[in-house]
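Working notes, beginning with the structure itself.
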Amino acid sequence: APDISLANVKAHLTQFSSIAAANGGNRAHGRPGYLASVNYVKGKLDAAGFTTSVQQFTSGGRVGYNLIADWPGGDPNQVVMAGAHLDSVTSGAGINDNGSGSAAVLETALAVSRAGLQPTKHLRFGWWGAEELGLVGSRYYANNLPSAERAKLDGYLNFDMIGSSNAGYFVYDDDPAIEQTFKTYFAGLGVPTEIETEGDGRSDHASFMSIGVPVGGLFTGAGRTKTSAQAQKWGGTAGQAFDRCYHSSCDTTASINDTALDRNSDAIAYAIWELGT
Ligand code: DTR
Ligand code: CA
Ligand code: ZN
Ligand code: ZN
Ligand code: ZN
């Protein structure tokens with residue numbers, strides 16, 4: 001798998017920051033900053049040769065959008081999907097939550113294009129709307145996926161908050177094969193990981209679990225406090241939240257941990273190359 005450029009991922013975060021600043025300070029469902037975020041990501045993917053589609057839904061009386069991008073080729077009966085929610089809360093730009101996952105998944109997709117990858121399996125990428133309202137966009141997508149299409153989904157990889165300033169390295173403990181893929185990657189870096197225990201209902205992978213799709217993903221932590229044992233193995237500050245700007249106006253590019261974002265971006269690329277070919 002290629003090394004994902006941290007600079008490229010951060011360039012997408014800068015775009016998300018500018019979009020929020022130009023649209024009332026957020027990228028929340030039903031607000032102009034969300035659709036502007038969709039249009040930014042879609043533009044990059046269209047230019048890179050992806051087949052994109054925008055799926056509309058309504059929530060709270062406002063229109064929401066999911067962005068789906070398919071990389072042409074691969075076995076259509078064996079689909080590997082990676083996704084991230086693109087919406088923020090109304091209180092800020094949502095750069096870690098979840099600009100980080102959105103940008104890393106976007107940059108991985110662009111790396112697939114740059115490599116002209118011809119994977120064995122079909123690769124699909126998704127950016128979800130209205131996750132903050134309760135996984136609304138991903139649930140809409142999953143529940144409206146025809147059963148024949150559901151059966152083709154070999155796995156869904158979720159990335160929601162992967163650049164937390166006081167980062168931990170958490171791997172979802174759901175599908176064993178997907179979990180092992182991520183653990184192998186981090187072992188290669190000499191970075192210890194822990195099982196993500198905040199609960200499976202907390203992000204978009206839950207929507208795919210509920211339709212029987214194997215899931216996995218990565219997480220660097222939100223409002224919970226880092227223990228001293230965790231600080232010893234990961235660095236950072238014990239007794240402080242993994243992301244003290246969680247759902248706050250200070251969730252900006254200043255609150256991103258570059259090392260965590262880079263490692264997780266590279267882990268996403270590794271998993272896509274491993275599971276897709
Ligand atoms: N609910 C997510 C943040 C979050 C909290 N726990 C987890 C566990 C796994 C992924 C994400 C999360 C949000 O605020 O978007
Ligand atoms: Ca990298
Ligand atoms: Zn959130
Ligand atoms: Zn989130
Ligand atoms: Zn889980």
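By convention in this document, the chains of the structure tokens carry letters A, B, ... by their order, each chain's residues are numbered from 1, and ligands are numbered from 1 in the order they are shown.
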I'd like a table as CSV: residues in chain A with an atom no more than 9 Å from ligand 3, each row giving the shortest atom pair and its distance in Å to one decimal, only C-alpha atoms and all ligand atoms counted, sorted by chain and rising residue number.
residue,atom,partner,partner_atom_place_in_ligand_line,distance
A:Asp87,CA,ligand 3,1 (Zn),8.5
A:Ser88,CA,ligand 3,1 (Zn),6.6
A:Val89,CA,ligand 3,1 (Zn),6.3
A:Gly94,CA,ligand 3,1 (Zn),7.8
A:Asn96,CA,ligand 3,1 (Zn),8.9
A:Asp97,CA,ligand 3,1 (Zn),5.4
A:Asn98,CA,ligand 3,1 (Zn),7.0
A:Glu131,CA,ligand 3,1 (Zn),7.6
A:Glu132,CA,ligand 3,1 (Zn),5.5
A:Asp160,CA,ligand 3,1 (Zn),8.2
A:Met161,CA,ligand 3,1 (Zn),8.2
A:Ser203,CA,ligand 3,1 (Zn),8.6
A:Ala222,CA,ligand 3,1 (Zn),8.5
A:Tyr246,CA,ligand 3,1 (Zn),7.0
A:His247,CA,ligand 3,1 (Zn),5.8
Suppose we keep N, CA, C and O atoms; can you now write the selection as a PDB file, in the first residue's frame?
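Result went into out_7.pdb, see below:
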ATOM      1  N   ASP A  87     -20.641  15.084   8.376  1.00  0.00           N
ATOM      2  CA  ASP A  87     -21.289  16.185   9.087  1.00  0.00           C
ATOM      3  C   ASP A  87     -20.611  16.488  10.422  1.00  0.00           C
ATOM      4  O   ASP A  87     -20.042  15.604  11.065  1.00  0.00           O
ATOM      5  N   SER A  88     -20.693  17.744  10.819  1.00  0.00           N
ATOM      6  CA  SER A  88     -20.205  18.154  12.142  1.00  0.00           C
ATOM      7  C   SER A  88     -21.399  18.448  13.034  1.00  0.00           C
ATOM      8  O   SER A  88     -22.543  18.443  12.581  1.00  0.00           O
ATOM      9  N   VAL A  89     -21.132  18.711  14.306  1.00  0.00           N
ATOM     10  CA  VAL A  89     -22.172  19.264  15.170  1.00  0.00           C
ATOM     11  C   VAL A  89     -22.294  20.754  14.826  1.00  0.00           C
ATOM     12  O   VAL A  89     -21.472  21.314  14.098  1.00  0.00           O
ATOM     13  N   GLY A  94     -15.892  20.851  13.230  1.00  0.00           N
ATOM     14  CA  GLY A  94     -15.840  19.383  13.244  1.00  0.00           C
ATOM     15  C   GLY A  94     -14.623  18.843  12.511  1.00  0.00           C
ATOM     16  O   GLY A  94     -14.739  17.957  11.656  1.00  0.00           O
ATOM     17  N   ASN A  96     -11.759  17.278  13.807  1.00  0.00           N
ATOM     18  CA  ASN A  96     -11.470  15.893  14.183  1.00  0.00           C
ATOM     19  C   ASN A  96     -12.711  15.016  14.054  1.00  0.00           C
ATOM     20  O   ASN A  96     -12.644  13.888  13.576  1.00  0.00           O
ATOM     21  N   ASP A  97     -13.811  15.540  14.465  1.00  0.00           N
ATOM     22  CA  ASP A  97     -15.098  14.831  14.397  1.00  0.00           C
ATOM     23  C   ASP A  97     -16.019  15.438  13.358  1.00  0.00           C
ATOM     24  O   ASP A  97     -16.803  16.345  13.685  1.00  0.00           O
ATOM     25  N   ASN A  98     -16.059  15.018  12.139  1.00  0.00           N
ATOM     26  CA  ASN A  98     -15.229  13.956  11.643  1.00  0.00           C
ATOM     27  C   ASN A  98     -14.532  14.315  10.338  1.00  0.00           C
ATOM     28  O   ASN A  98     -14.489  13.557   9.377  1.00  0.00           O
ATOM     29  N   GLU A 131     -24.863  11.963  10.829  1.00  0.00           N
ATOM     30  CA  GLU A 131     -24.450  10.965  11.841  1.00  0.00           C
ATOM     31  C   GLU A 131     -24.725  11.519  13.230  1.00  0.00           C
ATOM     32  O   GLU A 131     -25.143  10.804  14.134  1.00  0.00           O
ATOM     33  N   GLU A 132     -24.500  12.798  13.400  1.00  0.00           N
ATOM     34  CA  GLU A 132     -24.619  13.408  14.737  1.00  0.00           C
ATOM     35  C   GLU A 132     -26.062  13.433  15.238  1.00  0.00           C
ATOM     36  O   GLU A 132     -26.297  13.616  16.427  1.00  0.00           O
ATOM     37  N   ASP A 160     -14.208   7.357  12.332  1.00  0.00           N
ATOM     38  CA  ASP A 160     -14.855   8.497  12.969  1.00  0.00           C
ATOM     39  C   ASP A 160     -13.980   8.937  14.138  1.00  0.00           C
ATOM     40  O   ASP A 160     -13.901   8.249  15.161  1.00  0.00           O
ATOM     41  N   MET A 161     -13.304  10.054  13.983  1.00  0.00           N
ATOM     42  CA  MET A 161     -12.345  10.620  14.938  1.00  0.00           C
ATOM     43  C   MET A 161     -11.060   9.800  14.952  1.00  0.00           C
ATOM     44  O   MET A 161     -10.893   8.874  15.721  1.00  0.00           O
ATOM     45  N   SER A 203     -21.264   4.904  16.216  1.00  0.00           N
ATOM     46  CA  SER A 203     -20.957   5.499  14.920  1.00  0.00           C
ATOM     47  C   SER A 203     -21.528   4.651  13.791  1.00  0.00           C
ATOM     48  O   SER A 203     -22.267   3.698  14.029  1.00  0.00           O
ATOM     49  N   ALA A 222     -12.597  10.136  22.276  1.00  0.00           N
ATOM     50  CA  ALA A 222     -13.421  11.349  22.349  1.00  0.00           C
ATOM     51  C   ALA A 222     -13.349  11.908  23.772  1.00  0.00           C
ATOM     52  O   ALA A 222     -12.280  12.312  24.246  1.00  0.00           O
ATOM     53  N   TYR A 246     -14.009  17.733  21.872  1.00  0.00           N
ATOM     54  CA  TYR A 246     -15.095  16.922  21.306  1.00  0.00           C
ATOM     55  C   TYR A 246     -16.414  17.684  21.332  1.00  0.00           C
ATOM     56  O   TYR A 246     -16.824  18.189  22.386  1.00  0.00           O
ATOM     57  N   HIS A 247     -17.025  17.857  20.159  1.00  0.00           N
ATOM     58  CA  HIS A 247     -18.311  18.560  20.030  1.00  0.00           C
ATOM     59  C   HIS A 247     -18.245  20.007  20.518  1.00  0.00           C
ATOM     60  O   HIS A 247     -19.249  20.574  20.955  1.00  0.00           O
TER      61      HIS A 247
END
### Query
Neighbours of stretch 241-245 of chain A within 10 Å (only C-alpha atoms; same-chain residues fewer than 4 positions away dropped), as a VMD selection string?
chain A and resid 92 94 to 97 161 163 to 168 220 to 227 236 to 237 249 to 252 255 to 257
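Within the 9 Å cut-off around A:Ala21, using only C-alpha atoms and omitting residues fewer than 5 positions from it on the same chain, the listed residues are Phe16, Asn26, Gly33 and Ala93 of chain A.
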### Message
When DSSP is applied to the backbone of this structure, which of stretch 89-134 of chain A are assigned strand (DSSP E or B)? Write them out as a ChimeraX atom specification.
### Response
/A:121-128
Atoms to include: N, CA and C atoms. Write the selected residues as a PDB file, in the first residue's frame.
ATOM      1  N   LYS A 121     -11.370  -7.180  -5.478  1.00  0.00           N
ATOM      2  CA  LYS A 121     -12.732  -6.867  -5.054  1.00  0.00           C
ATOM      3  C   LYS A 121     -13.092  -5.464  -5.522  1.00  0.00           C
ATOM      4  N   HIS A 122     -14.386  -5.188  -5.523  1.00  0.00           N
ATOM      5  CA  HIS A 122     -14.866  -3.862  -5.915  1.00  0.00           C
ATOM      6  C   HIS A 122     -14.765  -2.927  -4.714  1.00  0.00           C
ATOM      7  N   LEU A 123     -14.190  -1.745  -4.908  1.00  0.00           N
ATOM      8  CA  LEU A 123     -14.018  -0.790  -3.812  1.00  0.00           C
ATOM      9  C   LEU A 123     -15.085   0.294  -3.865  1.00  0.00           C
ATOM     10  N   ARG A 124     -15.709   0.550  -2.715  1.00  0.00           N
ATOM     11  CA  ARG A 124     -16.716   1.599  -2.606  1.00  0.00           C
ATOM     12  C   ARG A 124     -16.402   2.450  -1.383  1.00  0.00           C
ATOM     13  N   PHE A 125     -16.663   3.745  -1.484  1.00  0.00           N
ATOM     14  CA  PHE A 125     -16.388   4.678  -0.400  1.00  0.00           C
ATOM     15  C   PHE A 125     -17.653   5.480  -0.106  1.00  0.00           C
ATOM     16  N   GLY A 126     -17.867   5.811   1.173  1.00  0.00           N
ATOM     17  CA  GLY A 126     -19.067   6.547   1.533  1.00  0.00           C
ATOM     18  C   GLY A 126     -18.783   7.655   2.534  1.00  0.00           C
ATOM     19  N   TRP A 127     -19.463   8.796   2.322  1.00  0.00           N
ATOM     20  CA  TRP A 127     -19.411   9.907   3.272  1.00  0.00           C
ATOM     21  C   TRP A 127     -20.854  10.181   3.695  1.00  0.00           C
ATOM     22  N   TRP A 128     -21.095  10.031   5.036  1.00  0.00           N
ATOM     23  CA  TRP A 128     -22.466   9.994   5.545  1.00  0.00           C
ATOM     24  C   TRP A 128     -22.928  11.329   6.067  1.00  0.00           C
TER      25      TRP A 128
END
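For ligand 2, the neighbouring protein, DNA and RNA residues, which are those within 10 Å when only C-alpha atoms and all ligand atoms are counted, are Pro2, Asp3, Ile4, Ser5, Leu6, Ala7, Asn8, Val9, Asp258, Thr259, Leu261, Asp262, Arg263, Asn264, Ser265, Asp266, Ala267 and Ala269 of chain A.
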Same residues, all heavy atoms, saved as a compact mmCIF listing (two decimals), in the first residue's frame:
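Wrote it out as result-v2.txt, contents follow:
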# COMPACT_ATOMS: atom_id res chain seq x y z
N PRO A 2 0.42 2.31 -0.63
CA PRO A 2 1.22 3.54 -0.65
C PRO A 2 1.19 4.23 0.70
O PRO A 2 0.28 4.00 1.51
CB PRO A 2 0.51 4.39 -1.70
CG PRO A 2 -0.91 3.96 -1.62
CD PRO A 2 -0.87 2.47 -1.31
N ASP A 3 2.20 5.04 0.92
CA ASP A 3 2.17 5.91 2.10
C ASP A 3 1.21 7.05 1.80
O ASP A 3 1.29 7.67 0.72
CB ASP A 3 3.59 6.46 2.36
CG ASP A 3 3.55 7.52 3.45
OD1 ASP A 3 3.29 7.16 4.61
OD2 ASP A 3 3.71 8.71 3.13
N ILE A 4 0.27 7.31 2.68
CA ILE A 4 -0.66 8.43 2.48
C ILE A 4 0.00 9.70 3.00
O ILE A 4 0.50 9.72 4.13
CB ILE A 4 -1.99 8.18 3.23
CG1 ILE A 4 -2.68 6.93 2.67
CG2 ILE A 4 -2.90 9.40 3.14
CD1 ILE A 4 -3.09 7.02 1.21
N SER A 5 0.03 10.73 2.17
CA SER A 5 0.68 11.98 2.55
C SER A 5 -0.14 12.73 3.60
O SER A 5 -1.29 13.10 3.34
CB SER A 5 0.84 12.87 1.30
OG SER A 5 0.88 14.24 1.67
N LEU A 6 0.47 12.94 4.77
CA LEU A 6 -0.20 13.71 5.82
C LEU A 6 -0.55 15.10 5.31
O LEU A 6 -1.63 15.63 5.59
CB LEU A 6 0.69 13.80 7.06
CG LEU A 6 0.20 14.71 8.18
CD1 LEU A 6 -1.10 14.18 8.78
CD2 LEU A 6 1.26 14.89 9.25
N ALA A 7 0.35 15.68 4.52
CA ALA A 7 0.10 17.03 3.99
C ALA A 7 -1.17 17.05 3.15
O ALA A 7 -1.97 17.99 3.23
CB ALA A 7 1.30 17.48 3.17
N ASN A 8 -1.37 15.99 2.36
CA ASN A 8 -2.58 15.95 1.52
C ASN A 8 -3.84 15.83 2.38
O ASN A 8 -4.86 16.48 2.12
CB ASN A 8 -2.52 14.77 0.55
CG ASN A 8 -1.49 14.96 -0.55
OD1 ASN A 8 -0.79 15.98 -0.58
ND2 ASN A 8 -1.39 13.99 -1.43
N VAL A 9 -3.76 15.00 3.43
CA VAL A 9 -4.91 14.84 4.32
C VAL A 9 -5.23 16.18 5.00
O VAL A 9 -6.38 16.61 5.06
CB VAL A 9 -4.66 13.73 5.36
CG1 VAL A 9 -5.83 13.60 6.33
CG2 VAL A 9 -4.41 12.39 4.66
N ASP A 258 -1.06 15.25 14.54
CA ASP A 258 -0.55 14.88 13.20
C ASP A 258 -0.07 13.44 13.14
O ASP A 258 -0.33 12.73 12.15
CB ASP A 258 0.60 15.82 12.79
CG ASP A 258 0.12 17.20 12.39
OD1 ASP A 258 -1.12 17.42 12.36
OD2 ASP A 258 0.97 18.06 12.10
N THR A 259 0.61 12.98 14.19
CA THR A 259 1.14 11.62 14.19
C THR A 259 0.00 10.61 14.13
O THR A 259 0.03 9.65 13.34
CB THR A 259 1.99 11.37 15.46
OG1 THR A 259 3.02 12.36 15.52
CG2 THR A 259 2.61 9.99 15.44
N LEU A 261 -3.07 11.15 13.05
CA LEU A 261 -3.77 11.25 11.77
C LEU A 261 -2.99 10.54 10.67
O LEU A 261 -3.57 9.82 9.84
CB LEU A 261 -4.00 12.72 11.41
CG LEU A 261 -4.78 12.98 10.12
CD1 LEU A 261 -6.16 12.35 10.16
CD2 LEU A 261 -4.87 14.48 9.85
N ASP A 262 -1.67 10.71 10.69
CA ASP A 262 -0.83 10.08 9.66
C ASP A 262 -0.86 8.56 9.80
O ASP A 262 -1.08 7.84 8.83
CB ASP A 262 0.60 10.60 9.77
CG ASP A 262 1.46 10.11 8.62
OD1 ASP A 262 0.93 9.94 7.51
OD2 ASP A 262 2.66 9.88 8.82
N ARG A 263 -0.67 8.08 11.02
CA ARG A 263 -0.65 6.62 11.23
C ARG A 263 -1.98 5.99 10.83
O ARG A 263 -2.02 4.95 10.17
CB ARG A 263 -0.36 6.31 12.69
CG ARG A 263 1.08 6.53 13.10
CD ARG A 263 1.23 6.46 14.61
NE ARG A 263 2.64 6.45 15.03
CZ ARG A 263 3.03 6.58 16.29
NH1 ARG A 263 2.11 6.71 17.26
NH2 ARG A 263 4.32 6.56 16.61
N ASN A 264 -3.08 6.64 11.20
CA ASN A 264 -4.40 6.09 10.88
C ASN A 264 -4.70 6.18 9.39
O ASN A 264 -5.29 5.25 8.83
CB ASN A 264 -5.48 6.78 11.72
CG ASN A 264 -5.47 6.29 13.16
OD1 ASN A 264 -5.41 5.10 13.43
ND2 ASN A 264 -5.50 7.23 14.11
N SER A 265 -4.27 7.26 8.74
CA SER A 265 -4.45 7.35 7.29
C SER A 265 -3.71 6.23 6.58
O SER A 265 -4.25 5.57 5.69
CB SER A 265 -3.94 8.71 6.79
OG SER A 265 -4.67 9.77 7.38
N ASP A 266 -2.49 5.97 7.02
CA ASP A 266 -1.69 4.89 6.41
C ASP A 266 -2.31 3.53 6.71
O ASP A 266 -2.28 2.62 5.88
CB ASP A 266 -0.25 4.95 6.92
CG ASP A 266 0.50 6.18 6.41
OD1 ASP A 266 0.10 6.75 5.38
OD2 ASP A 266 1.48 6.59 7.08
N ALA A 267 -2.92 3.40 7.89
CA ALA A 267 -3.59 2.14 8.25
C ALA A 267 -4.81 1.90 7.36
O ALA A 267 -5.09 0.75 6.98
CB ALA A 267 -4.01 2.17 9.72
N ALA A 269 -5.16 2.95 4.22
CA ALA A 269 -4.65 2.51 2.91
C ALA A 269 -4.19 1.06 2.97
O ALA A 269 -4.51 0.25 2.09
CB ALA A 269 -3.50 3.42 2.48
### Query
What residues have any atom no more than 10 Å from ligand 5 when counting only C-alpha atoms and all ligand atoms, and can you list them as a list in words?
Val171, Tyr172, Asp173, Asp174, Asp175, Glu179, Ile195, Glu196, Thr197, Glu198, Gly199, Asp200, Gly201, Arg202, Ser203, His205, Ala206, Met209, Val215, Gly216, Gly217 and Leu218 of chain A
Near-A:Leu135 list (8 Å; only C-alpha atoms; drop same-chain fewer than 5 positions) as a CSV table (one decimal) with N, CA and C atoms, in the first residue's frame:
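Result saved to out12.csv:
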chain,number,residue,atom,x,y,z
A,130,ALA,N,-25.7,13.5,8.6
A,130,ALA,CA,-26.5,13.4,9.8
A,130,ALA,C,-26.2,12.3,10.7
A,203,SER,N,-21.3,4.9,16.2
A,203,SER,CA,-21.0,5.5,14.9
A,203,SER,C,-21.5,4.7,13.8
A,204,ASP,N,-21.2,5.0,12.6
A,204,ASP,CA,-21.9,4.5,11.4
A,204,ASP,C,-21.7,3.0,11.1
A,207,SER,N,-24.8,0.9,11.7
A,207,SER,CA,-25.8,0.8,10.6
A,207,SER,C,-25.6,-0.5,9.7
